[in-house]
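Asker: Here you go, this is start-v5.pdb (PDB, C-alpha atoms).
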```
MODEL        1
ATOM      1  CA  MET A   1     150.527  75.898 175.715
ATOM      2  CA  ILE A   2     149.847  76.258 179.471
ATOM      3  CA  GLY A   3     148.671  79.794 178.709
ATOM      4  CA  ALA A   4     145.887  78.353 176.556
ATOM      5  CA  TRP A   5     144.050  76.922 179.604
ATOM      6  CA  PRO A   6     140.962  79.104 179.045
ATOM      7  CA  ARG A   7     140.585  77.701 175.530
ATOM      8  CA  LEU A   8     140.978  74.170 176.862
ATOM      9  CA  ILE A   9     138.183  74.753 179.387
ATOM     10  CA  GLU A  10     136.013  76.196 176.607
ATOM     11  CA  LEU A  11     136.603  73.050 174.537
ATOM     12  CA  LEU A  12     135.618  70.907 177.528
ATOM     13  CA  LEU A  13     132.465  72.985 178.006
ATOM     14  CA  ALA A  14     131.616  72.579 174.309
ATOM     15  CA  ALA A  15     132.056  68.804 174.646
ATOM     16  CA  TRP A  16     129.905  68.848 177.789
ATOM     17  CA  LEU A  17     127.128  70.703 175.928
ATOM     18  CA  LEU A  18     127.226  68.087 173.176
ATOM     19  CA  LEU A  19     126.898  65.292 175.764
ATOM     20  CA  ALA A  20     124.581  67.066 178.214
ATOM     21  CA  ALA A  21     121.296  65.665 176.862
ATOM     22  CA  GLU A  22     122.450  62.094 177.464
ATOM     23  CA  ALA A  23     124.183  62.914 180.768
ATOM     24  CA  LEU A  24     121.219  64.816 182.234
ATOM     25  CA  GLY A  25     118.542  62.637 180.641
ATOM     26  CA  HIS A  26     116.630  65.206 178.620
ATOM     27  CA  THR A  27     117.053  63.559 175.225
ATOM     28  CA  GLY A  28     113.256  63.660 174.731
ATOM     29  CA  GLN A  29     113.080  67.463 175.012
ATOM     30  CA  SER A  30     114.028  68.506 171.516
ATOM     31  CA  PRO A  31     114.320  72.313 172.008
ATOM     32  CA  LEU A  32     116.763  71.795 174.894
ATOM     33  CA  VAL A  33     118.758  69.235 172.937
ATOM     34  CA  MET A  34     118.865  71.499 169.882
ATOM     35  CA  ALA A  35     120.091  74.446 171.957
ATOM     36  CA  ASP A  36     122.770  72.263 173.565
ATOM     37  CA  ARG A  37     123.984  70.957 170.217
ATOM     38  CA  ILE A  38     123.960  74.281 168.384
ATOM     39  CA  ALA A  39     125.799  76.080 171.197
ATOM     40  CA  GLY A  40     128.234  73.170 171.637
ATOM     41  CA  LEU A  41     129.122  73.008 167.947
ATOM     42  CA  ALA A  42     129.405  76.787 167.645
ATOM     43  CA  THR A  43     131.697  76.988 170.671
ATOM     44  CA  LEU A  44     133.827  74.099 169.451
ATOM     45  CA  SER A  45     134.261  75.683 166.003
ATOM     46  CA  ILE A  46     135.048  79.150 167.351
ATOM     47  CA  VAL A  47     137.600  77.933 169.891
ATOM     48  CA  LEU A  48     139.362  75.649 167.392
ATOM     49  CA  LEU A  49     139.580  78.526 164.896
ATOM     50  CA  SER A  50     140.939  80.860 167.582
ATOM     51  CA  LEU A  51     143.864  78.515 168.199
ATOM     52  CA  VAL A  52     145.299  79.647 164.855
ATOM     53  CA  PRO A  53     147.575  82.532 165.964
ATOM     54  CA  ARG A  54     146.341  84.981 163.306
ATOM     55  CA  LEU A  55     142.724  84.280 164.264
ATOM     56  CA  ARG A  56     143.162  84.492 168.043
ATOM     57  CA  LEU A  57     140.524  87.224 168.423
ATOM     58  CA  VAL A  58     137.890  84.953 166.881
ATOM     59  CA  ARG A  59     137.522  83.613 170.435
ATOM     60  CA  ILE A  60     135.367  86.660 171.245
ATOM     61  CA  GLY A  61     132.698  84.916 169.145
ATOM     62  CA  THR A  62     131.952  82.666 172.117
ATOM     63  CA  LEU A  63     130.434  85.694 173.871
ATOM     64  CA  PRO A  64     127.371  85.941 171.568
ATOM     65  CA  VAL A  65     127.032  82.154 171.760
ATOM     66  CA  ALA A  66     127.067  82.329 175.571
ATOM     67  CA  LEU A  67     124.638  85.241 175.623
ATOM     68  CA  GLY A  68     122.283  83.496 173.176
ATOM     69  CA  LEU A  69     122.355  80.253 175.135
ATOM     70  CA  GLY A  70     121.922  82.022 178.467
ATOM     71  CA  VAL A  71     119.048  84.229 177.341
ATOM     72  CA  TRP A  72     117.313  81.280 175.687
ATOM     73  CA  ALA A  73     117.650  79.082 178.785
ATOM     74  CA  TRP A  74     116.492  81.949 181.015
ATOM     75  CA  THR A  75     113.392  82.785 178.976
ATOM     76  CA  ALA A  76     112.265  79.435 177.549
ATOM     77  CA  PHE A  77     111.116  77.888 180.834
ATOM     78  CA  PRO A  78     109.488  79.060 184.053
ATOM     79  CA  ARG A  79     112.365  79.631 186.476
ATOM     80  CA  PRO A  80     114.007  77.731 187.976
ATOM     81  CA  GLY A  81     113.837  75.621 184.826
ATOM     82  CA  PRO A  82     114.578  71.939 184.305
ATOM     83  CA  ALA A  83     118.083  70.577 184.903
ATOM     84  CA  GLY A  84     118.964  70.975 181.231
ATOM     85  CA  ALA A  85     118.074  74.683 181.249
ATOM     86  CA  GLN A  86     119.948  75.324 184.494
ATOM     87  CA  ASN A  87     122.940  73.546 183.000
ATOM     88  CA  GLN A  88     122.766  75.816 179.955
ATOM     89  CA  LEU A  89     122.608  78.911 182.141
ATOM     90  CA  LEU A  90     125.670  77.854 184.091
ATOM     91  CA  VAL A  91     127.661  76.896 181.001
ATOM     92  CA  ALA A  92     126.707  80.243 179.437
ATOM     93  CA  LEU A  93     127.908  82.106 182.531
ATOM     94  CA  VAL A  94     131.261  80.298 182.542
ATOM     95  CA  LEU A  95     131.741  80.777 178.784
ATOM     96  CA  ALA A  96     130.984  84.484 179.185
ATOM     97  CA  LEU A  97     133.615  84.669 181.920
ATOM     98  CA  LEU A  98     136.305  82.880 179.900
ATOM     99  CA  VAL A  99     135.933  85.308 176.993
ATOM    100  CA  PHE A 100     137.758  87.809 179.191
ATOM    101  CA  VAL A 101     140.807  85.591 179.609
ATOM    102  CA  PRO A 102     143.198  85.973 176.665
ATOM    103  CA  THR A 103     145.089  83.020 175.235
ATOM    104  CA  GLU A 104     148.729  83.145 176.477
ATOM    105  CA  SER A 105     147.400  85.361 179.247
ATOM    106  CA  ASP A 106     150.482  84.689 181.385
ATOM    107  CA  GLU A 107     152.555  86.502 178.741
ATOM    108  CA  PRO A 108     152.581  90.252 178.102
ATOM    109  CA  PRO A 109     150.320  91.346 175.216
ATOM    110  CA  PRO A 110     152.143  91.107 171.831
ATOM    111  CA  ASP A 111     152.646  94.892 171.511
ATOM    112  CA  TRP A 112     154.387  95.070 174.886
ATOM    113  CA  ARG A 113     156.740  92.134 174.332
ATOM    114  CA  PRO A 114     159.550  94.102 172.592
ATOM    115  CA  TYR A 115     159.889  96.238 175.719
ATOM    116  CA  VAL A 116     160.077  93.402 178.213
ATOM    117  CA  GLU A 117     163.147  91.869 179.751
ATOM    118  CA  ARG A 118     162.980  88.173 178.978
ATOM    119  CA  THR A 119     164.019  86.023 181.904
ATOM    120  CA  ARG A 120     162.546  82.838 180.481
ATOM    121  CA  THR A 121     163.870  80.947 177.483
TER     122      THR A 121
ATOM    123  CA  MET B   1     160.975  95.010 166.650
ATOM    124  CA  GLU B   2     163.401  96.198 169.317
ATOM    125  CA  ALA B   3     162.735  98.490 172.224
ATOM    126  CA  PRO B   4     163.848 102.028 171.501
ATOM    127  CA  GLY B   5     165.971 102.317 174.632
ATOM    128  CA  ARG B   6     168.523 100.043 176.173
ATOM    129  CA  ARG B   7     166.494  99.278 179.237
ATOM    130  CA  ARG B   8     163.787  96.651 179.230
ATOM    131  CA  LEU B   9     160.884  96.388 181.640
ATOM    132  CA  ALA B  10     161.321  93.706 184.281
ATOM    133  CA  MET B  11     158.323  91.440 184.748
ATOM    134  CA  GLU B  12     158.647  91.445 188.536
ATOM    135  CA  ALA B  13     159.242  95.167 189.030
ATOM    136  CA  PRO B  14     157.410  96.931 191.866
ATOM    137  CA  ALA B  15     154.320  98.924 190.955
ATOM    138  CA  PRO B  16     154.320 102.513 192.211
ATOM    139  CA  PRO B  17     153.031 103.763 194.620
ATOM    140  CA  PHE B  18     153.895 100.423 196.231
ATOM    141  CA  ASP B  19     157.373  99.056 196.757
ATOM    142  CA  ARG B  20     156.244  95.567 195.740
ATOM    143  CA  ASN B  21     154.617  93.904 192.760
ATOM    144  CA  PRO B  22     150.868  93.420 193.399
ATOM    145  CA  SER B  23     150.566  91.307 190.233
ATOM    146  CA  SER B  24     153.088  88.741 191.439
ATOM    147  CA  TRP B  25     152.038  85.110 191.674
ATOM    148  CA  ARG B  26     152.869  85.266 195.379
ATOM    149  CA  GLN B  27     149.955  87.635 195.809
ATOM    150  CA  ARG B  28     147.585  86.239 193.188
ATOM    151  CA  VAL B  29     147.758  82.511 193.940
ATOM    152  CA  PRO B  30     146.421  82.970 197.516
ATOM    153  CA  ILE B  31     143.602  85.103 196.075
ATOM    154  CA  ALA B  32     142.721  82.321 193.637
ATOM    155  CA  ALA B  33     142.926  79.718 196.413
ATOM    156  CA  LEU B  34     140.596  81.720 198.674
ATOM    157  CA  ALA B  35     138.140  82.357 195.842
ATOM    158  CA  LEU B  36     138.179  78.677 194.867
ATOM    159  CA  GLY B  37     137.576  77.774 198.524
ATOM    160  CA  ALA B  38     134.521  80.047 198.543
ATOM    161  CA  THR B  39     133.422  78.494 195.226
ATOM    162  CA  GLY B  40     133.602  75.024 196.794
ATOM    163  CA  ILE B  41     131.600  76.133 199.861
ATOM    164  CA  SER B  42     128.933  77.710 197.647
ATOM    165  CA  VAL B  43     128.673  74.611 195.456
ATOM    166  CA  TYR B  44     128.261  72.537 198.633
ATOM    167  CA  MET B  45     125.327  74.727 199.690
ATOM    168  CA  GLY B  46     123.936  74.682 196.151
ATOM    169  CA  LEU B  47     123.888  70.870 196.146
ATOM    170  CA  TYR B  48     121.539  71.070 199.125
ATOM    171  CA  GLN B  49     119.321  73.578 197.336
ATOM    172  CA  TRP B  50     119.193  71.249 194.338
ATOM    173  CA  GLY B  51     118.105  68.451 196.660
ATOM    174  CA  LEU B  52     121.204  66.391 195.928
ATOM    175  CA  THR B  53     122.272  66.287 199.605
ATOM    176  CA  ASP B  54     120.089  65.781 202.688
ATOM    177  CA  SER B  55     121.669  68.247 205.099
ATOM    178  CA  VAL B  56     124.236  71.036 205.411
ATOM    179  CA  TRP B  57     127.020  71.206 207.986
ATOM    180  CA  ASP B  58     126.675  74.138 210.366
ATOM    181  CA  PRO B  59     128.677  73.953 213.604
ATOM    182  CA  VAL B  60     127.452  77.301 214.969
ATOM    183  CA  PHE B  61     123.794  77.889 214.106
ATOM    184  CA  GLY B  62     122.607  74.277 213.927
ATOM    185  CA  SER B  63     119.901  74.148 211.279
ATOM    186  CA  GLY B  64     120.379  77.877 210.517
ATOM    187  CA  THR B  65     122.108  77.257 207.209
ATOM    188  CA  GLU B  66     119.346  74.918 206.048
ATOM    189  CA  THR B  67     116.694  77.440 207.124
ATOM    190  CA  VAL B  68     118.387  80.207 205.121
ATOM    191  CA  LEU B  69     118.955  78.022 202.058
ATOM    192  CA  THR B  70     115.307  76.927 201.928
ATOM    193  CA  SER B  71     113.867  80.338 202.873
ATOM    194  CA  ARG B  72     111.326  82.178 200.746
ATOM    195  CA  GLU B  73     113.919  84.903 200.089
ATOM    196  CA  SER B  74     116.335  82.325 198.745
ATOM    197  CA  GLU B  75     113.634  80.779 196.565
ATOM    198  CA  ILE B  76     112.711  84.188 195.145
ATOM    199  CA  MET B  77     116.339  84.890 194.295
ATOM    200  CA  GLY B  78     116.717  81.459 192.696
ATOM    201  CA  GLY B  79     113.529  82.098 190.728
ATOM    202  CA  VAL B  80     114.852  85.373 189.375
ATOM    203  CA  ILE B  81     118.322  84.063 188.549
ATOM    204  CA  GLY B  82     117.232  80.698 187.169
ATOM    205  CA  VAL B  83     119.611  78.625 189.313
ATOM    206  CA  PRO B  84     119.838  78.325 193.123
ATOM    207  CA  ASP B  85     121.341  81.475 194.630
ATOM    208  CA  ALA B  86     124.222  79.528 196.204
ATOM    209  CA  ILE B  87     125.159  78.164 192.770
ATOM    210  CA  PHE B  88     125.091  81.671 191.357
ATOM    211  CA  GLY B  89     127.340  82.709 194.254
ATOM    212  CA  ALA B  90     129.697  79.870 193.306
ATOM    213  CA  TRP B  91     129.909  81.286 189.795
ATOM    214  CA  ALA B  92     130.651  84.741 191.199
ATOM    215  CA  TYR B  93     133.558  83.370 193.281
ATOM    216  CA  LEU B  94     134.751  81.373 190.278
ATOM    217  CA  THR B  95     134.970  84.609 188.277
ATOM    218  CA  GLU B  96     137.240  86.012 190.981
ATOM    219  CA  ALA B  97     139.470  82.928 190.883
ATOM    220  CA  VAL B  98     139.701  82.908 187.090
ATOM    221  CA  LEU B  99     140.349  86.641 186.774
ATOM    222  CA  SER B 100     142.987  86.465 189.499
ATOM    223  CA  LEU B 101     144.911  83.861 187.488
ATOM    224  CA  ALA B 102     144.649  85.625 184.128
ATOM    225  CA  GLY B 103     147.469  87.899 183.026
ATOM    226  CA  SER B 104     151.207  88.226 183.442
ATOM    227  CA  THR B 105     153.118  89.345 186.526
ATOM    228  CA  ARG B 106     153.062  92.885 185.180
ATOM    229  CA  ARG B 107     149.425  92.948 184.249
ATOM    230  CA  TRP B 108     148.802  96.063 186.363
ATOM    231  CA  GLN B 109     150.638  97.857 183.537
ATOM    232  CA  PHE B 110     150.220  95.598 180.507
ATOM    233  CA  ARG B 111     146.513  94.781 180.894
ATOM    234  CA  PRO B 112     144.862  97.500 182.993
ATOM    235  CA  TRP B 113     141.432  96.522 181.624
ATOM    236  CA  LEU B 114     141.834  93.066 183.146
ATOM    237  CA  VAL B 115     142.934  94.397 186.532
ATOM    238  CA  LEU B 116     140.090  96.929 186.632
ATOM    239  CA  LEU B 117     137.563  94.247 185.636
ATOM    240  CA  PHE B 118     138.977  92.054 188.399
ATOM    241  CA  GLY B 119     138.752  94.954 190.849
ATOM    242  CA  LEU B 120     135.160  95.621 189.805
ATOM    243  CA  ASP B 121     134.359  91.965 190.338
ATOM    244  CA  VAL B 122     135.983  91.735 193.769
ATOM    245  CA  ILE B 123     135.459  95.140 195.401
ATOM    246  CA  PRO B 124     131.924  96.480 194.690
ATOM    247  CA  LEU B 125     130.396  93.083 193.966
ATOM    248  CA  GLY B 126     132.108  91.642 197.051
ATOM    249  CA  LEU B 127     130.591  94.360 199.201
ATOM    250  CA  VAL B 128     127.163  93.733 197.651
ATOM    251  CA  SER B 129     127.408  90.006 198.352
ATOM    252  CA  VAL B 130     128.382  90.677 201.991
ATOM    253  CA  ALA B 131     125.417  93.037 202.333
ATOM    254  CA  LEU B 132     123.104  90.416 200.780
ATOM    255  CA  VAL B 133     124.238  87.751 203.258
ATOM    256  CA  ILE B 134     123.573  90.095 206.184
ATOM    257  CA  VAL B 135     120.207  91.326 204.861
ATOM    258  CA  GLN B 136     119.119  87.785 204.078
ATOM    259  CA  GLY B 137     120.073  86.604 207.581
ATOM    260  CA  ALA B 138     118.249  89.501 209.215
ATOM    261  CA  SER B 139     115.194  89.076 207.019
ATOM    262  CA  VAL B 140     114.917  85.294 207.435
ATOM    263  CA  GLY B 141     115.677  85.491 211.143
ATOM    264  CA  ALA B 142     118.271  82.739 210.922
ATOM    265  CA  TRP B 143     121.988  82.801 210.256
ATOM    266  CA  CYS B 144     123.980  80.687 207.902
ATOM    267  CA  PHE B 145     127.497  79.881 209.077
ATOM    268  CA  LEU B 146     128.865  78.959 205.653
ATOM    269  CA  CYS B 147     127.347  82.091 204.095
ATOM    270  CA  LEU B 148     129.163  84.167 206.708
ATOM    271  CA  VAL B 149     132.414  82.328 205.955
ATOM    272  CA  THR B 150     132.101  83.161 202.257
ATOM    273  CA  ALA B 151     131.236  86.775 203.135
ATOM    274  CA  LEU B 152     134.382  86.950 205.256
ATOM    275  CA  ILE B 153     136.393  85.579 202.313
ATOM    276  CA  SER B 154     134.911  88.359 200.151
ATOM    277  CA  LEU B 155     136.161  90.972 202.602
ATOM    278  CA  VAL B 156     139.644  89.422 202.786
ATOM    279  CA  LEU B 157     139.801  89.381 198.983
ATOM    280  CA  ILE B 158     139.051  93.103 198.875
ATOM    281  CA  VAL B 159     142.076  93.753 201.098
ATOM    282  CA  PHE B 160     144.270  91.589 198.850
ATOM    283  CA  VAL B 161     143.100  93.150 195.595
ATOM    284  CA  TYR B 162     142.983  96.887 196.157
ATOM    285  CA  ASP B 163     146.727  97.535 195.656
ATOM    286  CA  GLU B 164     146.828  96.014 192.182
ATOM    287  CA  VAL B 165     143.788  98.020 191.115
ATOM    288  CA  TRP B 166     145.317 101.183 192.539
ATOM    289  CA  ALA B 167     148.609 100.547 190.712
ATOM    290  CA  SER B 168     146.732 100.214 187.407
ATOM    291  CA  ILE B 169     144.800 103.416 188.036
ATOM    292  CA  ARG B 170     148.050 105.226 188.899
ATOM    293  CA  PHE B 171     149.623 103.999 185.665
ATOM    294  CA  LEU B 172     146.661 105.162 183.579
ATOM    295  CA  ARG B 173     146.728 108.509 185.371
ATOM    296  CA  GLY B 174     150.459 108.732 184.641
ATOM    297  CA  VAL B 175     149.853 108.119 180.930
ATOM    298  CA  TRP B 176     147.173 110.804 180.855
ATOM    299  CA  ALA B 177     149.205 113.336 182.851
ATOM    300  CA  ARG B 178     152.229 112.937 180.585
ATOM    301  CA  GLU B 179     150.598 112.709 177.158
ATOM    302  CA  ARG B 180     147.032 114.124 177.444
ATOM    303  CA  ASP B 181     146.041 111.867 174.560
ATOM    304  CA  ALA B 182     142.747 109.975 174.861
ATOM    305  CA  SER B 183     143.562 107.498 172.093
ATOM    306  CA  LEU B 184     146.884 106.620 173.731
ATOM    307  CA  LEU B 185     145.094 106.206 177.045
ATOM    308  CA  TRP B 186     142.625 103.822 175.394
ATOM    309  CA  ASP B 187     145.442 101.855 173.737
ATOM    310  CA  VAL B 188     147.237 101.487 177.052
ATOM    311  CA  PHE B 189     143.984 100.525 178.778
ATOM    312  CA  ILE B 190     143.322  97.667 176.356
ATOM    313  CA  GLY B 191     146.928  96.451 176.521
ATOM    314  CA  ARG B 192     148.442  97.897 173.376
ATOM    315  CA  GLY B 193     152.063  98.790 174.066
ATOM    316  CA  SER B 194     153.794 101.596 172.166
ATOM    317  CA  PRO B 195     156.994 103.669 172.453
ATOM    318  CA  ARG B 196     155.068 106.391 174.298
ATOM    319  CA  ALA B 197     153.476 103.949 176.740
ATOM    320  CA  TYR B 198     156.925 102.420 177.268
ATOM    321  CA  ALA B 199     158.355 105.856 178.047
ATOM    322  CA  VAL B 200     155.745 106.384 180.776
ATOM    323  CA  ALA B 201     156.441 102.905 182.146
ATOM    324  CA  LEU B 202     160.163 103.696 182.323
ATOM    325  CA  GLU B 203     159.473 107.017 183.978
ATOM    326  CA  MET B 204     157.376 105.281 186.627
ATOM    327  CA  GLU B 205     160.283 102.967 187.416
ATOM    328  CA  ARG B 206     162.259 106.046 188.437
ATOM    329  CA  TRP B 207     159.687 107.052 191.030
ATOM    330  CA  PRO B 208     161.088 106.782 194.565
ATOM    331  CA  GLU B 209     158.675 104.029 195.660
ATOM    332  CA  ALA B 210     159.640 101.887 192.678
ATOM    333  CA  ARG B 211     163.335 102.453 193.319
ATOM    334  CA  ARG B 212     162.955 101.466 196.961
ATOM    335  CA  GLY B 213     161.248  98.226 195.951
ATOM    336  CA  THR B 214     163.893  97.400 193.341
ATOM    337  CA  GLU B 215     166.729  98.087 195.789
ATOM    338  CA  ARG B 216     165.066  95.937 198.438
ATOM    339  CA  GLU B 217     164.638  93.049 195.980
ATOM    340  CA  ALA B 218     168.264  93.388 194.857
TER     341      ALA B 218
ENDMDL
END
```
Let me see the file written as structure tokens.
Answerer:
Amino acid sequence: MIGAWPRLIELLLAAWLLLAAEALGHTGQSPLVMADRIAGLATLSIVLLSLVPRLRLVRIGTLPVALGLGVWAWTAFPRPGPAGAQNQLLVALVLALLVFVPTESDEPPPDWRPYVERTRT
Amino acid sequence: MEAPGRRRLAMEAPAPPFDRNPSSWRQRVPIAALALGATGISVYMGLYQWGLTDSVWDPVFGSGTETVLTSRESEIMGGVIGVPDAIFGAWAYLTEAVLSLAGSTRRWQFRPWLVLLFGLDVIPLGLVSVALVIVQGASVGAWCFLCLVTALISLVLIVFVYDEVWASIRFLRGVWARERDASLLWDVFIGRGSPRAYAVALEMERWPEARRGTEREA
């Protein structure tokens, strides 16, 4: 389960997006709040689905979510935008980074495992 | 599924042409620690740019760091990126920390794509960030001590990282030289093991540099 740390961080980021409007005080700005909620729920759903071993590659779905959120936050306001938009940009950047970290990344990829000497139990 | 031969690949085996394992935790944890240190420094400077702190510590250039962080150049960069440039720098160092921790202790062979992505992140982008710090300092006419510290960290990281990247490139070259098969090369690049990729991996373990490393570890 330690190998699933990228997915855990993604879940925390999804939770942060869902709470960001209250935490950063932009509850009155409905487009920002909508973007936070949509991206948060999408990320949460994708990451939870990807925890099912057969669906592990579903996690790549967070990349379009991150790109959509990032591009929206970058274009919707004059830059540098309000705190909520900057928060979205940063969350999008971190989500886009985590896509590249496989679950169980401390283990060899499944196809290589039959060829590896196991020293751990 | 069992391996076709008797021998299995050891996770801590040296990576030719080196007689050590550049994907070992002993090498990668210090990289992550340095990158996280640079992330922390950048966040500290970003807090000042956000107006959340009143001053920035600079033991060498006095108010130089503050001058650089509030310069027109810095504002332009922040305007283009959408967040303060120091915060963007923090993200860049975070990518180095995260990518250094991802992957097994034989990732140079099992996940070449990850090692090459990491190398691309650290080596060319590190050089660009060092150049930016120098150009910004020269253009503003003031120097930022903490920016120079992070630039120095970038250079140290390049030294730490190059051997793992080189080992991955050597492995991919070995696969190509032995099999001349583009689809196999792609499979190996994206981390798909196969009997043919395993055969190349075994062959590499017989190279003199690898043998020297194994004997030394034994």
Asker: Pick from A:Ser30, A:Arg59, A:Leu41, A:Gln88: nearest to A:Ala73, with only C-alpha atoms counted?
Answerer: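 Among A:Ser30, A:Arg59, A:Leu41, A:Gln88, it is A:Gln88 that comes nearest to A:Ala73.
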Asker: Got a sec to pull out which chain B residues are within 9 Å of chain A, counting only C-alpha atoms, and send them as number ranges by chain?
Answerer: B: 1-5, 7-11, 78-84, 87-88, 91, 94-95, 98-99, 101-107, 110-111, 114, 191-195, 198
Asker: Translate the PyMOL selection byres ((chain B and resi 29) around 12), as applied to the file shown, into an explicit residue set as a list of chain:residue names.
Answerer: B:Pro22, B:Ser23, B:Ser24, B:Trp25, B:Arg26, B:Gln27, B:Arg28, B:Pro30, B:Ile31, B:Ala32, B:Ala33, B:Leu34, B:Ala35, B:Leu36, B:Glu96, B:Ala97, B:Val98, B:Leu99, B:Ser100, B:Leu101, B:Ala102, B:Thr105, B:Leu157, B:Phe160, B:Val161
Asker: What is the atom CA of B:Gly174-atom CA of B:Val200 distance in Å, reported with one decimal?
Answerer: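 Going from atom CA of B:Gly174 over to atom CA of B:Val200, I get 7.0 Å.
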Asker: Measure the distance from atom CA of B:Thr150 to atom CA of B:Ser71 in Å and round it to one decimal.
Answerer: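 Atom CA of B:Ser71 lies 18.5 Å from atom CA of B:Thr150.
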Asker: Leaving out B:Trp166 and any residue of its chain fewer than 6 positions from it, which residues lie within 10 Å of it when counting only C-alpha atoms, given as a PyMOL selection string?
Answerer: chain B and resi 15-18+22+108+115-116+119+172
Asker: Taking the file above as input, evaluate the PyMOL selection byres ((chain A and resi 16) around 12) and report the hits as a VMD selection string.
Answerer: chain A and resid 9 to 15 17 to 24 36 to 37 39 to 41 43 to 44 84 87 to 88 90 to 92
Asker: Would you mind listing what lies within 12 Å of B:Leu148 as a list in words, with only C-alpha atoms counted and same-chain residues fewer than 4 positions away left out?
Answerer: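 The neighbour list is Ala38, Ile41, Ser42, Asp58, Val60, Phe61, Gly64, Thr65, Val68, Ser129, Val130, Ala131, Leu132, Val133, Ile134, Val135, Gln136, Gly137, Ala142, Trp143, Cys144, Leu152, Ile153, Ser154 and Leu155 of chain B.
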Asker: Report as an mmCIF file with C-alpha atoms, in the coordinates of the input the full result of the PyMOL selection byres ((chain A and resi 60-62) around 7) when it is applied to this structure.
Answerer:
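Generated file (result_29.cif):
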```
data_model
loop_
_atom_site.group_PDB
_atom_site.id
_atom_site.type_symbol
_atom_site.label_atom_id
_atom_site.label_comp_id
_atom_site.auth_asym_id
_atom_site.auth_seq_id
_atom_site.Cartn_x
_atom_site.Cartn_y
_atom_site.Cartn_z
ATOM 1 C CA THR A 43 131.697 76.988 170.671
ATOM 2 C CA ILE A 46 135.048 79.150 167.351
ATOM 3 C CA LEU A 57 140.524 87.224 168.423
ATOM 4 C CA VAL A 58 137.890 84.953 166.881
ATOM 5 C CA ARG A 59 137.522 83.613 170.435
ATOM 6 C CA LEU A 63 130.434 85.694 173.871
ATOM 7 C CA PRO A 64 127.371 85.941 171.568
ATOM 8 C CA VAL A 65 127.032 82.154 171.760
ATOM 9 C CA ALA A 66 127.067 82.329 175.571
ATOM 10 C CA LEU A 95 131.741 80.777 178.784
ATOM 11 C CA VAL A 99 135.933 85.308 176.993
#
```
Asker: Between atom CA of B:Ile158 and atom CA of B:Glu75, what distance in Å does the model show, to one decimal?
Answerer: 28.3 Å
